[in-house]
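Structure below is final.cif: mmCIF, C-alpha atoms; chains and numbers go by the auth columns.
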```
data_structure
loop_
_atom_site.group_PDB
_atom_site.id
_atom_site.type_symbol
_atom_site.label_atom_id
_atom_site.label_comp_id
_atom_site.label_asym_id
_atom_site.label_seq_id
_atom_site.Cartn_x
_atom_site.Cartn_y
_atom_site.Cartn_z
_atom_site.B_iso_or_equiv
_atom_site.auth_seq_id
_atom_site.auth_asym_id
ATOM 1 C CA GLU A 1 0.000 0.000 0.000 0.00 1 M
ATOM 2 C CA GLY A 2 1.301 3.452 -0.761 0.00 2 M
ATOM 3 C CA THR A 3 -0.062 6.733 0.486 0.00 3 M
ATOM 4 C CA SER A 4 0.370 10.164 -0.974 0.00 4 M
ATOM 5 C CA PRO A 5 -0.984 12.652 1.564 0.00 5 M
ATOM 6 C CA LYS A 6 -0.158 15.629 -0.638 0.00 6 M
ATOM 7 C CA ASN A 7 -2.832 14.576 -3.109 0.00 7 M
ATOM 8 C CA GLY A 8 -5.038 12.874 -0.506 0.00 8 M
ATOM 9 C CA ARG A 9 -4.918 9.542 -2.295 0.00 9 M
ATOM 10 C CA VAL A 10 -4.352 6.106 -0.845 0.00 10 M
ATOM 11 C CA HIS A 11 -3.373 3.486 -3.380 0.00 11 M
ATOM 12 C CA VAL A 12 -3.936 -0.160 -2.487 0.00 12 M
ATOM 13 C CA LYS A 13 -2.855 -3.015 -4.699 0.00 13 M
ATOM 14 C CA VAL A 14 -3.422 -6.673 -3.820 0.00 14 M
ATOM 15 C CA VAL A 15 -1.333 -9.317 -5.596 0.00 15 M
ATOM 16 C CA SER A 16 -0.631 -13.010 -5.128 0.00 16 M
ATOM 17 C CA GLN A 17 2.753 -13.832 -3.659 0.00 17 M
ATOM 18 C CA THR A 18 5.237 -15.125 -6.226 0.00 18 M
ATOM 19 C CA TYR A 19 8.436 -14.578 -4.204 0.00 19 M
ATOM 20 C CA SER A 20 9.636 -17.647 -2.342 0.00 20 M
ATOM 21 C CA GLY A 21 9.515 -17.708 1.413 0.00 21 M
ATOM 22 C CA LYS A 22 7.023 -16.842 4.084 0.00 22 M
ATOM 23 C CA LYS A 23 6.118 -13.390 5.379 0.00 23 M
ATOM 24 C CA GLY A 24 9.572 -12.017 4.511 0.00 24 M
ATOM 25 C CA GLY A 25 9.197 -12.983 0.849 0.00 25 M
ATOM 26 C CA ALA A 26 5.750 -11.421 0.697 0.00 26 M
ATOM 27 C CA LEU A 27 7.056 -8.166 2.215 0.00 27 M
ATOM 28 C CA ARG A 28 9.987 -7.975 -0.200 0.00 28 M
ATOM 29 C CA GLN A 29 7.678 -8.556 -3.163 0.00 29 M
ATOM 30 C CA GLY A 30 5.099 -6.001 -2.025 0.00 30 M
ATOM 31 C CA ILE A 31 7.722 -3.370 -1.284 0.00 31 M
ATOM 32 C CA LYS A 32 9.427 -3.823 -4.637 0.00 32 M
ATOM 33 C CA LEU A 33 6.043 -3.423 -6.358 0.00 33 M
ATOM 34 C CA ALA A 34 5.346 -0.271 -4.316 0.00 34 M
ATOM 35 C CA MET A 35 8.775 1.094 -5.271 0.00 35 M
ATOM 36 C CA GLU A 36 7.770 0.826 -8.933 0.00 36 M
ATOM 37 C CA GLU A 37 4.665 2.948 -8.219 0.00 37 M
ATOM 38 C CA GLN A 38 6.842 5.865 -7.030 0.00 38 M
ATOM 39 C CA VAL A 39 4.599 6.677 -4.065 0.00 39 M
ATOM 40 C CA ASP A 40 5.708 9.042 -1.291 0.00 40 M
ATOM 41 C CA ILE A 41 5.087 6.614 1.562 0.00 41 M
ATOM 42 C CA ILE A 42 5.057 2.824 1.612 0.00 42 M
ATOM 43 C CA ALA A 43 3.049 1.092 4.317 0.00 43 M
ATOM 44 C CA PHE A 44 2.482 -2.579 4.991 0.00 44 M
ATOM 45 C CA GLN A 45 0.204 -4.604 7.197 0.00 45 M
ATOM 46 C CA GLU A 46 -1.101 -8.114 7.621 0.00 46 M
ATOM 47 C CA PRO A 47 -4.369 -8.861 5.748 0.00 47 M
ATOM 48 C CA GLU A 48 -6.384 -9.420 8.929 0.00 48 M
ATOM 49 C CA LYS A 49 -5.565 -5.906 10.195 0.00 49 M
ATOM 50 C CA VAL A 50 -8.159 -4.264 7.947 0.00 50 M
ATOM 51 C CA ASP A 51 -8.767 -1.376 10.351 0.00 51 M
ATOM 52 C CA MET A 52 -5.204 -0.137 9.716 0.00 52 M
ATOM 53 C CA ILE A 53 -6.190 0.985 6.207 0.00 53 M
ATOM 54 C CA SER A 54 -8.052 3.946 7.692 0.00 54 M
ATOM 55 C CA LYS A 55 -4.962 4.934 9.733 0.00 55 M
ATOM 56 C CA TRP A 56 -2.446 5.211 6.862 0.00 56 M
ATOM 57 C CA PRO A 57 -3.368 8.701 5.589 0.00 57 M
ATOM 58 C CA THR A 58 -2.801 10.187 9.067 0.00 58 M
ATOM 59 C CA ILE A 59 0.452 8.289 9.493 0.00 59 M
ATOM 60 C CA GLY A 60 1.620 9.373 6.033 0.00 60 M
ATOM 61 C CA GLU A 61 0.838 13.002 6.869 0.00 61 M
ATOM 62 C CA LYS A 62 2.739 12.668 10.145 0.00 62 M
ATOM 63 C CA ILE A 63 5.816 11.353 8.335 0.00 63 M
ATOM 64 C CA LEU A 64 5.776 14.240 5.865 0.00 64 M
ATOM 65 C CA LYS A 65 4.905 17.027 8.334 0.00 65 M
ATOM 66 C CA GLU A 66 7.390 15.950 11.003 0.00 66 M
ATOM 67 C CA GLN A 67 10.066 15.241 8.386 0.00 67 M
ATOM 68 C CA VAL A 68 10.778 11.749 9.656 0.00 68 M
ATOM 69 C CA ASP A 69 11.604 8.625 7.704 0.00 69 M
ATOM 70 C CA ILE A 70 9.801 5.757 9.406 0.00 70 M
ATOM 71 C CA CYS A 71 6.667 5.549 11.563 0.00 71 M
ATOM 72 C CA ALA A 72 5.867 2.520 13.673 0.00 72 M
ATOM 73 C CA PRO A 73 2.166 2.536 14.627 0.00 73 M
ATOM 74 C CA ARG A 74 1.536 1.804 18.303 0.00 74 M
ATOM 75 C CA ARG A 75 -1.662 0.164 19.553 0.00 75 M
ATOM 76 C CA ALA A 76 -3.706 2.051 22.136 0.00 76 M
ATOM 77 C CA ASP A 77 -3.468 -0.180 25.209 0.00 77 M
ATOM 78 C CA ASP A 78 -7.198 -0.358 26.000 0.00 78 M
ATOM 79 C CA SER A 79 -8.181 -1.712 22.592 0.00 79 M
ATOM 80 C CA PHE A 80 -5.023 -3.870 22.399 0.00 80 M
ATOM 81 C CA ARG A 81 -5.920 -5.602 25.675 0.00 81 M
ATOM 82 C CA ALA A 82 -9.631 -5.885 24.865 0.00 82 M
ATOM 83 C CA LEU A 83 -9.353 -7.195 21.306 0.00 83 M
ATOM 84 C CA TYR A 84 -6.338 -9.533 21.275 0.00 84 M
ATOM 85 C CA PRO A 85 -6.084 -12.997 22.851 0.00 85 M
ATOM 86 C CA ILE A 86 -4.856 -12.345 26.394 0.00 86 M
ATOM 87 C CA GLU A 87 -1.800 -14.573 25.907 0.00 87 M
ATOM 88 C CA GLN A 88 -0.772 -12.557 22.851 0.00 88 M
ATOM 89 C CA TYR A 89 -1.383 -9.284 24.661 0.00 89 M
ATOM 90 C CA HIS A 90 0.929 -10.266 27.537 0.00 90 M
ATOM 91 C CA SER A 91 3.656 -11.819 25.370 0.00 91 M
ATOM 92 C CA GLU A 92 3.735 -8.832 23.012 0.00 92 M
ATOM 93 C CA LYS A 93 3.689 -6.321 25.877 0.00 93 M
ATOM 94 C CA PHE A 94 6.664 -8.150 27.411 0.00 94 M
ATOM 95 C CA ALA A 95 8.496 -8.243 24.060 0.00 95 M
ATOM 96 C CA ASN A 96 7.847 -4.524 23.536 0.00 96 M
ATOM 97 C CA LEU A 97 9.130 -3.655 27.032 0.00 97 M
ATOM 98 C CA HIS A 98 12.292 -5.698 26.488 0.00 98 M
ATOM 99 C CA LEU A 99 12.962 -4.352 22.989 0.00 99 M
ATOM 100 C CA ASN A 100 12.326 -0.767 24.093 0.00 100 M
ATOM 101 C CA ALA A 101 14.802 -1.197 26.969 0.00 101 M
ATOM 102 C CA LEU A 102 17.442 -2.278 24.439 0.00 102 M
ATOM 103 C CA ALA A 103 16.450 0.243 21.758 0.00 103 M
ATOM 104 C CA ASN A 104 16.519 3.213 24.140 0.00 104 M
ATOM 105 C CA LYS A 105 20.251 2.635 24.550 0.00 105 M
ATOM 106 C CA VAL A 106 20.779 3.294 20.826 0.00 106 M
ATOM 107 C CA GLY A 107 18.484 6.281 20.353 0.00 107 M
ATOM 108 C CA PHE A 108 15.033 4.879 19.622 0.00 108 M
ATOM 109 C CA GLU A 109 11.908 6.388 21.169 0.00 109 M
ATOM 110 C CA ASN A 110 10.724 4.686 24.348 0.00 110 M
ATOM 111 C CA ASN A 111 7.289 3.706 23.078 0.00 111 M
ATOM 112 C CA ILE A 112 7.778 1.654 19.903 0.00 112 M
ATOM 113 C CA ASP A 113 5.247 -1.141 19.411 0.00 113 M
ATOM 114 C CA TRP A 114 7.710 -3.628 17.948 0.00 114 M
ATOM 115 C CA THR A 115 5.136 -6.402 17.652 0.00 115 M
ATOM 116 C CA ILE A 116 2.190 -4.689 15.931 0.00 116 M
ATOM 117 C CA GLY A 117 3.352 -5.595 12.410 0.00 117 M
ATOM 118 C CA PRO A 118 2.237 -2.613 10.303 0.00 118 M
ATOM 119 C CA LEU A 119 4.884 -0.028 9.458 0.00 119 M
ATOM 120 C CA ALA A 120 5.232 2.990 7.156 0.00 120 M
ATOM 121 C CA PHE A 121 8.296 4.636 5.642 0.00 121 M
ATOM 122 C CA ARG A 122 9.343 7.063 2.949 0.00 122 M
ATOM 123 C CA LEU A 123 10.029 5.616 -0.488 0.00 123 M
ATOM 124 C CA SER A 124 13.689 6.600 -0.094 0.00 124 M
ATOM 125 C CA TRP A 125 14.046 3.972 2.672 0.00 125 M
ATOM 126 C CA ALA A 126 12.377 1.112 0.788 0.00 126 M
ATOM 127 C CA HIS A 127 15.744 -0.444 -0.083 0.00 127 M
ATOM 128 C CA CYS A 128 16.064 -1.475 3.573 0.00 128 M
ATOM 129 C CA TRP A 129 13.035 -3.781 3.169 0.00 129 M
ATOM 130 C CA SER A 130 13.572 -4.845 -0.457 0.00 130 M
ATOM 131 C CA GLY A 131 16.019 -7.614 0.444 0.00 131 M
ATOM 132 C CA ASP A 132 19.177 -5.703 -0.465 0.00 132 M
ATOM 133 C CA LEU A 133 20.285 -5.355 3.166 0.00 133 M
ATOM 134 C CA TYR A 134 18.425 -8.144 4.966 0.00 134 M
ATOM 135 C CA GLU A 135 16.379 -11.181 3.952 0.00 135 M
ATOM 136 C CA GLY A 136 14.414 -12.322 6.977 0.00 136 M
ATOM 137 C CA ASP A 137 11.695 -14.888 6.465 0.00 137 M
ATOM 138 C CA LEU A 138 9.346 -14.224 9.362 0.00 138 M
ATOM 139 C CA TRP A 139 8.280 -11.123 11.296 0.00 139 M
ATOM 140 C CA ASP A 140 11.955 -10.239 11.682 0.00 140 M
ATOM 141 C CA MET A 141 11.673 -8.825 8.151 0.00 141 M
ATOM 142 C CA GLN A 142 9.402 -6.148 9.603 0.00 142 M
ATOM 143 C CA LEU A 143 11.763 -5.128 12.438 0.00 143 M
ATOM 144 C CA VAL A 144 15.388 -5.689 11.470 0.00 144 M
ATOM 145 C CA PRO A 145 15.364 -3.324 8.463 0.00 145 M
ATOM 146 C CA MET A 146 13.970 -0.527 10.668 0.00 146 M
ATOM 147 C CA ILE A 147 16.703 -1.114 13.232 0.00 147 M
ATOM 148 C CA TYR A 148 19.342 -1.168 10.506 0.00 148 M
ATOM 149 C CA ALA A 149 17.963 2.035 8.933 0.00 149 M
ATOM 150 C CA GLN A 150 18.004 3.899 12.254 0.00 150 M
ATOM 151 C CA ARG A 151 21.277 2.583 13.696 0.00 151 M
ATOM 152 C CA TRP A 152 23.533 2.514 10.674 0.00 152 M
ATOM 153 C CA LEU A 153 21.894 4.748 8.073 0.00 153 M
ATOM 154 C CA GLY A 154 20.538 7.574 10.250 0.00 154 M
ATOM 155 C CA ALA A 155 16.796 7.171 9.643 0.00 155 M
ATOM 156 C CA LYS A 156 14.526 9.201 11.904 0.00 156 M
ATOM 157 C CA VAL A 157 12.006 6.807 13.476 0.00 157 M
ATOM 158 C CA ILE A 158 8.873 7.806 15.364 0.00 158 M
ATOM 159 C CA SER A 159 5.922 5.996 16.861 0.00 159 M
ATOM 160 C CA HIS A 160 2.283 7.059 16.558 0.00 160 M
ATOM 161 C CA GLU A 161 -0.566 5.705 18.663 0.00 161 M
ATOM 162 C CA VAL A 162 -3.522 4.333 16.738 0.00 162 M
ATOM 163 C CA ASP A 163 -6.801 3.113 18.169 0.00 163 M
ATOM 164 C CA PHE A 164 -6.520 -0.020 16.101 0.00 164 M
ATOM 165 C CA LYS A 165 -9.510 -2.381 16.144 0.00 165 M
ATOM 166 C CA LEU A 166 -8.748 -6.010 15.440 0.00 166 M
ATOM 167 C CA SER A 167 -11.633 -8.266 14.447 0.00 167 M
ATOM 168 C CA SER A 168 -12.869 -10.381 17.359 0.00 168 M
ATOM 169 C CA THR A 169 -12.341 -13.553 15.320 0.00 169 M
ATOM 170 C CA MET A 170 -8.715 -14.099 16.350 0.00 170 M
ATOM 171 C CA LYS A 171 -9.471 -13.621 20.052 0.00 171 M
ATOM 172 C CA GLU A 172 -12.411 -16.044 19.829 0.00 172 M
ATOM 173 C CA GLU A 173 -10.356 -18.663 17.967 0.00 173 M
ATOM 174 C CA GLU A 174 -7.086 -18.444 19.939 0.00 174 M
ATOM 175 C CA GLU A 175 -7.648 -17.354 23.529 0.00 175 M
ATOM 176 C CA GLY A 176 -7.130 -20.081 26.096 0.00 176 M
ATOM 177 C CA LEU A 177 -5.818 -22.693 23.627 0.00 177 M
ATOM 178 C CA ALA A 178 -2.380 -24.190 24.256 0.00 178 M
ATOM 179 C CA LYS A 179 -1.346 -24.349 20.600 0.00 179 M
ATOM 180 C CA TRP A 180 -1.625 -20.547 20.353 0.00 180 M
ATOM 181 C CA SER A 181 0.191 -19.992 23.658 0.00 181 M
ATOM 182 C CA GLU A 182 2.961 -22.199 22.275 0.00 182 M
ATOM 183 C CA LYS A 183 3.083 -20.010 19.144 0.00 183 M
ATOM 184 C CA ARG A 184 3.535 -16.918 21.360 0.00 184 M
ATOM 185 C CA LEU A 185 6.287 -18.714 23.298 0.00 185 M
ATOM 186 C CA PHE A 186 8.021 -19.613 20.010 0.00 186 M
ATOM 187 C CA GLN A 187 7.860 -15.960 18.966 0.00 187 M
ATOM 188 C CA LEU A 188 9.442 -14.832 22.235 0.00 188 M
ATOM 189 C CA ASN A 189 12.157 -17.485 21.980 0.00 189 M
ATOM 190 C CA PHE A 190 12.835 -16.452 18.369 0.00 190 M
ATOM 191 C CA LEU A 191 13.304 -12.908 19.625 0.00 191 M
ATOM 192 C CA PHE A 192 15.749 -13.894 22.351 0.00 192 M
#
```
Serialized structure, structure tokens:
Amino acid sequence: EGTSPKNGRVHVKVVSQTYSGKKGGALRQGIKLAMEEQVDIIAFQEPEKVDMISKWPTIGEKILKEQVDICAPRRADDSFRALYPIEQYHSEKFANLHLNALANKVGFENNIDWTIGPLAFRLSWAHCWSGDLYEGDLWDMQLVPMIYAQRWLGAKVISHEVDFKLSSTMKEEEEGLAKWSEKRLFQLNFLF
């Protein structure tokens, strides 16, 4: 998805994944396609996070007005806790606290939501996610390029709170089931 706040247009293009790999391959493919569109801002999100589509114009405007390079949306805590499976809420809150403690030491804001998934950045930073610098295969492909861009290339990164509403389906299907708790544990172990 690319946004162009200066003309008030949000461009969304849905394509089937042809790049090999999992989430990382899909991100690389989508970002390379967005680069060809020459949009001002590139944003990505998981398909189930439909409510994020309405947030991108504001985030794109924030990037342009504040003259920053990357914006990591941050879930408002009340809706995060109410709408996500409780196990996911706690594991992602813990991961965010830990990552923020580490990231603060190298100049990141204190309130990055590292585990939300969606992210937006200026077209000029797309090369960090295109696979030229890093080729992660899972959700690391969302985070590592942002860290690389900020730490070694000087990108200005901000966070912006969104009152993001996740469909109740995931909470209904996952909460209280061991297989989903085990997935959250795997994600934490992958992080550490």
Counting only C-alpha atoms, which of M:Asn110, M:Gln142, M:Gln187, M:Thr115 gets nearest to Ser159 of chain M?
->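 Of M:Asn110, M:Gln142, M:Gln187, M:Thr115, the one nearest Ser159 of chain M, counting only C-alpha atoms, is M:Asn110.
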To one decimal place, how far is atom CA of Glu66 of chain M from atom CA of Ile41 of chain M in Å?
-> 13.5 Å
Quick one: apply the PyMOL selection byres ((chain M and resi 132) around 12) to the file and drop the selected residues here as an mmCIF file with C-alpha atoms, in the frame of the given file.
```cif
data_model
loop_
_atom_site.group_PDB
_atom_site.id
_atom_site.type_symbol
_atom_site.label_atom_id
_atom_site.label_comp_id
_atom_site.auth_asym_id
_atom_site.auth_seq_id
_atom_site.Cartn_x
_atom_site.Cartn_y
_atom_site.Cartn_z
ATOM 1 C CA ARG M 28 9.987 -7.975 -0.200
ATOM 2 C CA ILE M 31 7.722 -3.370 -1.284
ATOM 3 C CA LYS M 32 9.427 -3.823 -4.637
ATOM 4 C CA TRP M 125 14.046 3.972 2.672
ATOM 5 C CA ALA M 126 12.377 1.112 0.788
ATOM 6 C CA HIS M 127 15.744 -0.444 -0.083
ATOM 7 C CA CYS M 128 16.064 -1.475 3.573
ATOM 8 C CA TRP M 129 13.035 -3.781 3.169
ATOM 9 C CA SER M 130 13.572 -4.845 -0.457
ATOM 10 C CA GLY M 131 16.019 -7.614 0.444
ATOM 11 C CA LEU M 133 20.285 -5.355 3.166
ATOM 12 C CA TYR M 134 18.425 -8.144 4.966
ATOM 13 C CA GLU M 135 16.379 -11.181 3.952
ATOM 14 C CA GLY M 136 14.414 -12.322 6.977
ATOM 15 C CA MET M 141 11.673 -8.825 8.151
ATOM 16 C CA PRO M 145 15.364 -3.324 8.463
ATOM 17 C CA TYR M 148 19.342 -1.168 10.506
#
```
Would you work out the distance separating atom CA of Trp114 of chain M from atom CA of Lys179 of chain M, expressed in Å to one decimal?
->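 According to the coordinates, atom CA of Trp114 of chain M and atom CA of Lys179 of chain M are separated by 22.8 Å.
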Could you please determine the separation between atom CA of Glu172 of chain M and atom CA of Ala76 of chain M in Å, to one decimal place?
-> 20.2 Å
Asp78 of chain M: which residues within 12 Å, counting all atoms listed in the file, same-chain residues fewer than 6 positions away excluded, as a PyMOL selection string?
-> chain M and resi 84+89+161-165
Counting all atoms listed in the file, the residue of M:Ala120, M:Met170, M:Ile112, M:Ala82 that sits nearest Pro57 of chain M =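 That would be M:Ala120, the residue with the smallest distance to Pro57 of chain M.
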Point out the residue among M:Glu87, M:Asp137, M:Glu182, M:Glu175 with the least atom-to-atom distance to Tyr19 of chain M, counting only C-alpha atoms.
->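 Checking each candidate against Tyr19 of chain M, we get M:Asp137 as the closest.
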Option closest in space to Leu177 of chain M, from M:Gly30, M:Gln88, M:Pro118, M:Leu143 [counting only C-alpha atoms] =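 Counting only C-alpha atoms, the residue closest to Leu177 of chain M is M:Gln88.
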For Ala155 of chain M, please output as a list in words all residues within 6 Å (counting only C-alpha atoms; exclusion window: fewer than 5 positions along the same chain).
->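 In the requested form, the answer reads Asp69, Ala149 and Gln150 of chain M.
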For Phe121 of chain M: contacts at 10 Å, only C-alpha atoms, fewer than 5 positions along chain excluded, given as a PyMOL selection string | chain M and resi 2+40-44+59-60+63-64+68-72+126+129+146+155-157
Could you write out as a PDB file with C-alpha atoms, keeping the file's coordinate frame the residues that the PyMOL selection byres ((chain M and resi 98) around 12) matches in the shown file?
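Okay, this is what ended up in part_37.pdb:
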```
ATOM      1  CA  SER M  91       3.656 -11.819  25.370  1.00  0.00           C
ATOM      2  CA  GLU M  92       3.735  -8.832  23.012  1.00  0.00           C
ATOM      3  CA  LYS M  93       3.689  -6.321  25.877  1.00  0.00           C
ATOM      4  CA  PHE M  94       6.664  -8.150  27.411  1.00  0.00           C
ATOM      5  CA  ALA M  95       8.496  -8.243  24.060  1.00  0.00           C
ATOM      6  CA  ASN M  96       7.847  -4.524  23.536  1.00  0.00           C
ATOM      7  CA  LEU M  97       9.130  -3.655  27.032  1.00  0.00           C
ATOM      8  CA  LEU M  99      12.962  -4.352  22.989  1.00  0.00           C
ATOM      9  CA  ASN M 100      12.326  -0.767  24.093  1.00  0.00           C
ATOM     10  CA  ALA M 101      14.802  -1.197  26.969  1.00  0.00           C
ATOM     11  CA  LEU M 102      17.442  -2.278  24.439  1.00  0.00           C
ATOM     12  CA  ALA M 103      16.450   0.243  21.758  1.00  0.00           C
ATOM     13  CA  ASN M 104      16.519   3.213  24.140  1.00  0.00           C
ATOM     14  CA  LYS M 105      20.251   2.635  24.550  1.00  0.00           C
ATOM     15  CA  ASN M 110      10.724   4.686  24.348  1.00  0.00           C
ATOM     16  CA  ASN M 111       7.289   3.706  23.078  1.00  0.00           C
ATOM     17  CA  ILE M 112       7.778   1.654  19.903  1.00  0.00           C
ATOM     18  CA  ASP M 113       5.247  -1.141  19.411  1.00  0.00           C
ATOM     19  CA  TRP M 114       7.710  -3.628  17.948  1.00  0.00           C
ATOM     20  CA  THR M 115       5.136  -6.402  17.652  1.00  0.00           C
ATOM     21  CA  LEU M 188       9.442 -14.832  22.235  1.00  0.00           C
ATOM     22  CA  LEU M 191      13.304 -12.908  19.625  1.00  0.00           C
ATOM     23  CA  PHE M 192      15.749 -13.894  22.351  1.00  0.00           C
TER      24      PHE M 192
END
```
Out of M:Gly176, M:Leu27, M:Ser167, M:Ser20, which residue has the shortest atom-to-atom distance to Met52 of chain M when counting only C-alpha atoms?
-> M:Ser167
Nearest to Leu83 of chain M by atom-to-atom distance, counting all atoms listed in the file, from M:Glu46, M:Thr18, M:Lys183, M:Ser168 |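 Among the listed residues, M:Ser168 lies closest to Leu83 of chain M.
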